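J.: Dropping the structure in here first, questions after.
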Amino acid sequence: MEKTRKKRIKKRFNLLEEYKKCWSYIRESKRYIYVIIGIFLFFILLGLFIPVPSAVYGKIIDYIKGILEQTKGMSLGQIIFFIIVNNLQSTFLGIFLGAVIGIFPVINTVLNGYILGVVSSMSINESGILSLWRLFPHGIFELPAVLISLGLGLKFGTFIFKKDRFGSFKNYLINSLRIFLLVVIPLLIIAGIIEGSLIVFVK
């Protein structure tokens with residue numbers, strides 16, 4: 001009986017079908033993801049081309065120094081683990097705190113976009129525009145995971161405006177969790193390995 005039950009459970013879970021559900025929900029949520037991408041790009045440009053107030057600049061520098069201090073003396077494995085855990089926390093909160101009318105994902109997008117813009121501007125000033133190519137390997141897997149998460153978080157907050165609030169909340173929760181587990185986590189693991197390796201070996 002136990003073996004039969006296990007076989008039934010295995011048959012019920014179809015990884016390919018689960019991924020199909022993921023892509024279907026991402027397509028369904030594309031408007032919200034596009035909004036997040038638009039906000040993100042706008043604040044990148046703002047940080048890149050508008051002079052940064054000295055107080056804000058100081059806080060960004062302190063933030064970067066804090067991260068560097070935390071990772072100082074870490075091995076490759078420790079740095080990769082550090083990056084993956086931090087990114088997982090950020091994306092998880094980006095999705096599920098979005099239930100509060102989508103406020104957190106928008107704030108997160110604004111901050112991430114602006115900081116990236118400022119850091120890019122600093123990099124260009126120090127090493128020229130070609131230095132931006134160094135950022136590409138860092139973002140090729142991480143950015144899609146982050147932007148999808150924030151887009152889903154923004155959509156999550158709209159459940160409050162639906163007629164069937166509980167049903168919408170449950171639907172958004174299950175689909176968001178599925179995407180977090182099957183799409184976001186794998187992307188962030190790959191991103192963490194690439195980013196950690198670049199930090200250790202490209203100095």
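In the structure tokens, the first chain shown is A, the next is B, and so on; residue numbers restart at 1 for each chain, and ligands run from 1 in the order shown.
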Taking the chain letters and numbering used in this document, name the residues of stretch 31-148 of chain A that DSSP puts in alpha helix (DSSP H), as a PyMOL selection string.
T.: chain A and resi 31-49+54-71+76-96+103-127+136-148
J.: Take the selection from the previous step and output its residues with C-alpha atoms, as an mmCIF file, in the first residue's frame.
T.:
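Printed below is again.cif as written:
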data_model
loop_
_atom_site.group_PDB
_atom_site.id
_atom_site.type_symbol
_atom_site.label_atom_id
_atom_site.label_comp_id
_atom_site.auth_asym_id
_atom_site.auth_seq_id
_atom_site.Cartn_x
_atom_site.Cartn_y
_atom_site.Cartn_z
ATOM 1 C CA ARG A 31 2.023 44.009 -17.476
ATOM 2 C CA TYR A 32 3.184 44.207 -13.868
ATOM 3 C CA ILE A 33 6.659 42.977 -14.773
ATOM 4 C CA TYR A 34 6.861 45.627 -17.524
ATOM 5 C CA VAL A 35 5.857 48.326 -15.036
ATOM 6 C CA ILE A 36 8.653 47.209 -12.699
ATOM 7 C CA ILE A 37 11.150 47.136 -15.601
ATOM 8 C CA GLY A 38 10.067 50.666 -16.593
ATOM 9 C CA ILE A 39 10.537 52.012 -13.050
ATOM 10 C CA PHE A 40 13.865 50.185 -12.754
ATOM 11 C CA LEU A 41 15.234 51.625 -16.021
ATOM 12 C CA PHE A 42 13.998 55.138 -15.165
ATOM 13 C CA PHE A 43 15.857 55.157 -11.845
ATOM 14 C CA ILE A 44 18.982 53.647 -13.404
ATOM 15 C CA LEU A 45 19.045 56.598 -15.809
ATOM 16 C CA LEU A 46 18.360 58.987 -12.939
ATOM 17 C CA GLY A 47 21.312 57.636 -10.970
ATOM 18 C CA LEU A 48 23.481 57.532 -14.084
ATOM 19 C CA PHE A 49 22.944 61.069 -15.406
ATOM 20 C CA SER A 54 26.443 64.360 -1.313
ATOM 21 C CA ALA A 55 24.387 62.892 1.556
ATOM 22 C CA VAL A 56 22.920 60.194 -0.701
ATOM 23 C CA TYR A 57 26.318 59.522 -2.277
ATOM 24 C CA GLY A 58 27.826 59.030 1.184
ATOM 25 C CA LYS A 59 25.138 56.537 2.161
ATOM 26 C CA ILE A 60 25.613 54.525 -1.037
ATOM 27 C CA ILE A 61 29.387 54.424 -0.463
ATOM 28 C CA ASP A 62 28.803 53.297 3.141
ATOM 29 C CA TYR A 63 26.418 50.602 1.878
ATOM 30 C CA ILE A 64 29.012 49.289 -0.594
ATOM 31 C CA LYS A 65 31.768 49.414 2.021
ATOM 32 C CA GLY A 66 29.526 47.495 4.426
ATOM 33 C CA ILE A 67 29.042 44.688 1.903
ATOM 34 C CA LEU A 68 32.775 44.576 1.150
ATOM 35 C CA GLU A 69 33.531 44.440 4.870
ATOM 36 C CA GLN A 70 31.081 41.563 5.354
ATOM 37 C CA THR A 71 32.684 39.518 2.571
ATOM 38 C CA LEU A 76 34.807 31.324 -2.780
ATOM 39 C CA GLY A 77 32.122 29.031 -1.336
ATOM 40 C CA GLN A 78 31.298 31.478 1.466
ATOM 41 C CA ILE A 79 30.986 34.423 -0.927
ATOM 42 C CA ILE A 80 28.724 32.443 -3.269
ATOM 43 C CA PHE A 81 26.560 31.370 -0.322
ATOM 44 C CA PHE A 82 26.445 34.969 0.970
ATOM 45 C CA ILE A 83 25.332 36.326 -2.420
ATOM 46 C CA ILE A 84 22.704 33.611 -2.973
ATOM 47 C CA VAL A 85 21.177 33.990 0.507
ATOM 48 C CA ASN A 86 21.000 37.797 0.229
ATOM 49 C CA ASN A 87 19.409 37.644 -3.216
ATOM 50 C CA LEU A 88 16.930 34.972 -2.089
ATOM 51 C CA GLN A 89 15.877 37.094 0.884
ATOM 52 C CA SER A 90 15.447 40.166 -1.309
ATOM 53 C CA THR A 91 13.387 38.404 -3.992
ATOM 54 C CA PHE A 92 11.285 36.490 -1.459
ATOM 55 C CA LEU A 93 10.379 39.714 0.329
ATOM 56 C CA GLY A 94 9.853 41.428 -3.026
ATOM 57 C CA ILE A 95 7.182 38.884 -3.918
ATOM 58 C CA PHE A 96 5.398 38.210 -0.666
ATOM 59 C CA ILE A 103 4.240 49.081 -2.038
ATOM 60 C CA PHE A 104 7.381 47.146 -1.088
ATOM 61 C CA PRO A 105 8.205 45.923 -4.641
ATOM 62 C CA VAL A 106 7.991 49.496 -5.969
ATOM 63 C CA ILE A 107 10.264 50.871 -3.208
ATOM 64 C CA ASN A 108 12.684 47.988 -3.760
ATOM 65 C CA THR A 109 12.729 48.660 -7.511
ATOM 66 C CA VAL A 110 13.375 52.382 -7.031
ATOM 67 C CA LEU A 111 16.289 51.769 -4.626
ATOM 68 C CA ASN A 112 17.891 48.984 -6.690
ATOM 69 C CA GLY A 113 17.595 50.942 -9.929
ATOM 70 C CA TYR A 114 18.975 54.147 -8.449
ATOM 71 C CA ILE A 115 21.907 52.432 -6.692
ATOM 72 C CA LEU A 116 22.794 50.535 -9.890
ATOM 73 C CA GLY A 117 22.687 53.806 -11.838
ATOM 74 C CA VAL A 118 24.954 55.572 -9.341
ATOM 75 C CA VAL A 119 27.414 52.655 -9.199
ATOM 76 C CA SER A 120 27.474 52.536 -13.026
ATOM 77 C CA SER A 121 28.180 56.276 -13.119
ATOM 78 C CA MET A 122 31.059 55.839 -10.632
ATOM 79 C CA SER A 123 32.452 52.954 -12.701
ATOM 80 C CA ILE A 124 32.333 55.015 -15.917
ATOM 81 C CA ASN A 125 34.059 57.972 -14.230
ATOM 82 C CA GLU A 126 36.859 55.756 -12.927
ATOM 83 C CA SER A 127 37.426 53.298 -15.796
ATOM 84 C CA PHE A 136 26.866 42.196 -17.535
ATOM 85 C CA PRO A 137 27.818 38.728 -16.168
ATOM 86 C CA HIS A 138 26.533 39.793 -12.737
ATOM 87 C CA GLY A 139 23.091 40.671 -14.044
ATOM 88 C CA ILE A 140 22.358 38.210 -16.843
ATOM 89 C CA PHE A 141 20.677 35.737 -14.451
ATOM 90 C CA GLU A 142 20.140 37.896 -11.369
ATOM 91 C CA LEU A 143 18.179 40.753 -12.959
ATOM 92 C CA PRO A 144 15.485 38.579 -14.625
ATOM 93 C CA ALA A 145 14.943 36.786 -11.289
ATOM 94 C CA VAL A 146 14.720 40.066 -9.375
ATOM 95 C CA LEU A 147 12.478 41.866 -11.891
ATOM 96 C CA ILE A 148 10.107 38.894 -12.245
#
J.: Select, from A:Asn175, A:Ser197, A:Asn14, A:Thr158, the residue with the minimum atom-to-atom distance to A:Ile26, counting only C-alpha atoms.
T.: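 Using only C-alpha atoms, A:Ile26 sits closest to A:Asn175.
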J.: Distance atom CA of A:Ser176-atom CA of A:Lys21, one decimal place?
T.: 10.6 Å
J.: Pick out the residues sitting within 12 Å of A:Leu15, and hand them over as a JSON list (two decimals) with N, CA and C atoms, in the first residue's frame; count only C-alpha atoms, and ignore anything fewer than 3 positions along from it in its own chain.
T.:
[["chain", "number", "residue", "atom", "x", "y", "z"],
["A", 10, "LYS", "N", 4.22, 10.48, -7.01],
["A", 10, "LYS", "CA", 5.18, 10.78, -8.05],
["A", 10, "LYS", "C", 4.49, 11.09, -9.36],
["A", 11, "LYS", "N", 3.45, 10.33, -9.65],
["A", 11, "LYS", "CA", 2.72, 10.54, -10.89],
["A", 11, "LYS", "C", 2.00, 11.89, -10.87],
["A", 12, "ARG", "N", 1.52, 12.27, -9.73],
["A", 12, "ARG", "CA", 0.79, 13.53, -9.62],
["A", 12, "ARG", "C", 1.69, 14.73, -9.87],
["A", 18, "GLU", "N", 4.54, 21.71, -14.13],
["A", 18, "GLU", "CA", 4.74, 22.79, -13.17],
["A", 18, "GLU", "C", 5.43, 23.98, -13.82],
["A", 19, "TYR", "N", 6.41, 23.69, -14.67],
["A", 19, "TYR", "CA", 7.10, 24.78, -15.38],
["A", 19, "TYR", "C", 6.17, 25.47, -16.39],
["A", 20, "LYS", "N", 5.30, 24.70, -17.00],
["A", 20, "LYS", "CA", 4.31, 25.30, -17.92],
["A", 20, "LYS", "C", 3.42, 26.27, -17.17],
["A", 21, "LYS", "N", 3.02, 25.88, -15.95],
["A", 21, "LYS", "CA", 2.20, 26.77, -15.11],
["A", 21, "LYS", "C", 2.98, 28.03, -14.75],
["A", 22, "CYS", "N", 4.28, 27.87, -14.50],
["A", 22, "CYS", "CA", 5.13, 29.02, -14.18],
["A", 22, "CYS", "C", 5.13, 30.03, -15.33],
["A", 178, "ARG", "N", 5.31, 28.95, -6.55],
["A", 178, "ARG", "CA", 5.78, 27.99, -7.56],
["A", 178, "ARG", "C", 6.92, 28.61, -8.38],
["A", 181, "LEU", "N", 10.18, 28.99, -6.35],
["A", 181, "LEU", "CA", 10.89, 27.72, -6.16],
["A", 181, "LEU", "C", 11.52, 27.19, -7.45],
["A", 182, "LEU", "N", 10.79, 27.28, -8.56],
["A", 182, "LEU", "CA", 11.22, 26.63, -9.80],
["A", 182, "LEU", "C", 11.96, 27.54, -10.77],
["A", 183, "VAL", "N", 11.76, 28.84, -10.66],
["A", 183, "VAL", "CA", 12.40, 29.77, -11.60],
["A", 183, "VAL", "C", 13.40, 30.68, -10.90]]
J.: Just to confirm, what's the straight-line distance from atom CA of A:Ser149 to atom CA of A:Phe166 in Å (one decimal)?
T.: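 About the pair atom CA of A:Ser149 and atom CA of A:Phe166: they are 21.1 Å apart.
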J.: Please, what distance in Å, to one decimal, runs between atom CA of A:Tyr25 and atom CA of A:Gly192?
T.: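 Interatomic distance, atom CA of A:Tyr25 to atom CA of A:Gly192: 25.2 Å.
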J.: Leaving out A:Ser168 and any residue of its chain fewer than 5 positions from it, which residues lie within 9 Å of it when counting only C-alpha atoms, given as an MDAnalysis selection string?
T.: chainID A and resid 156 158:160 162:163 173
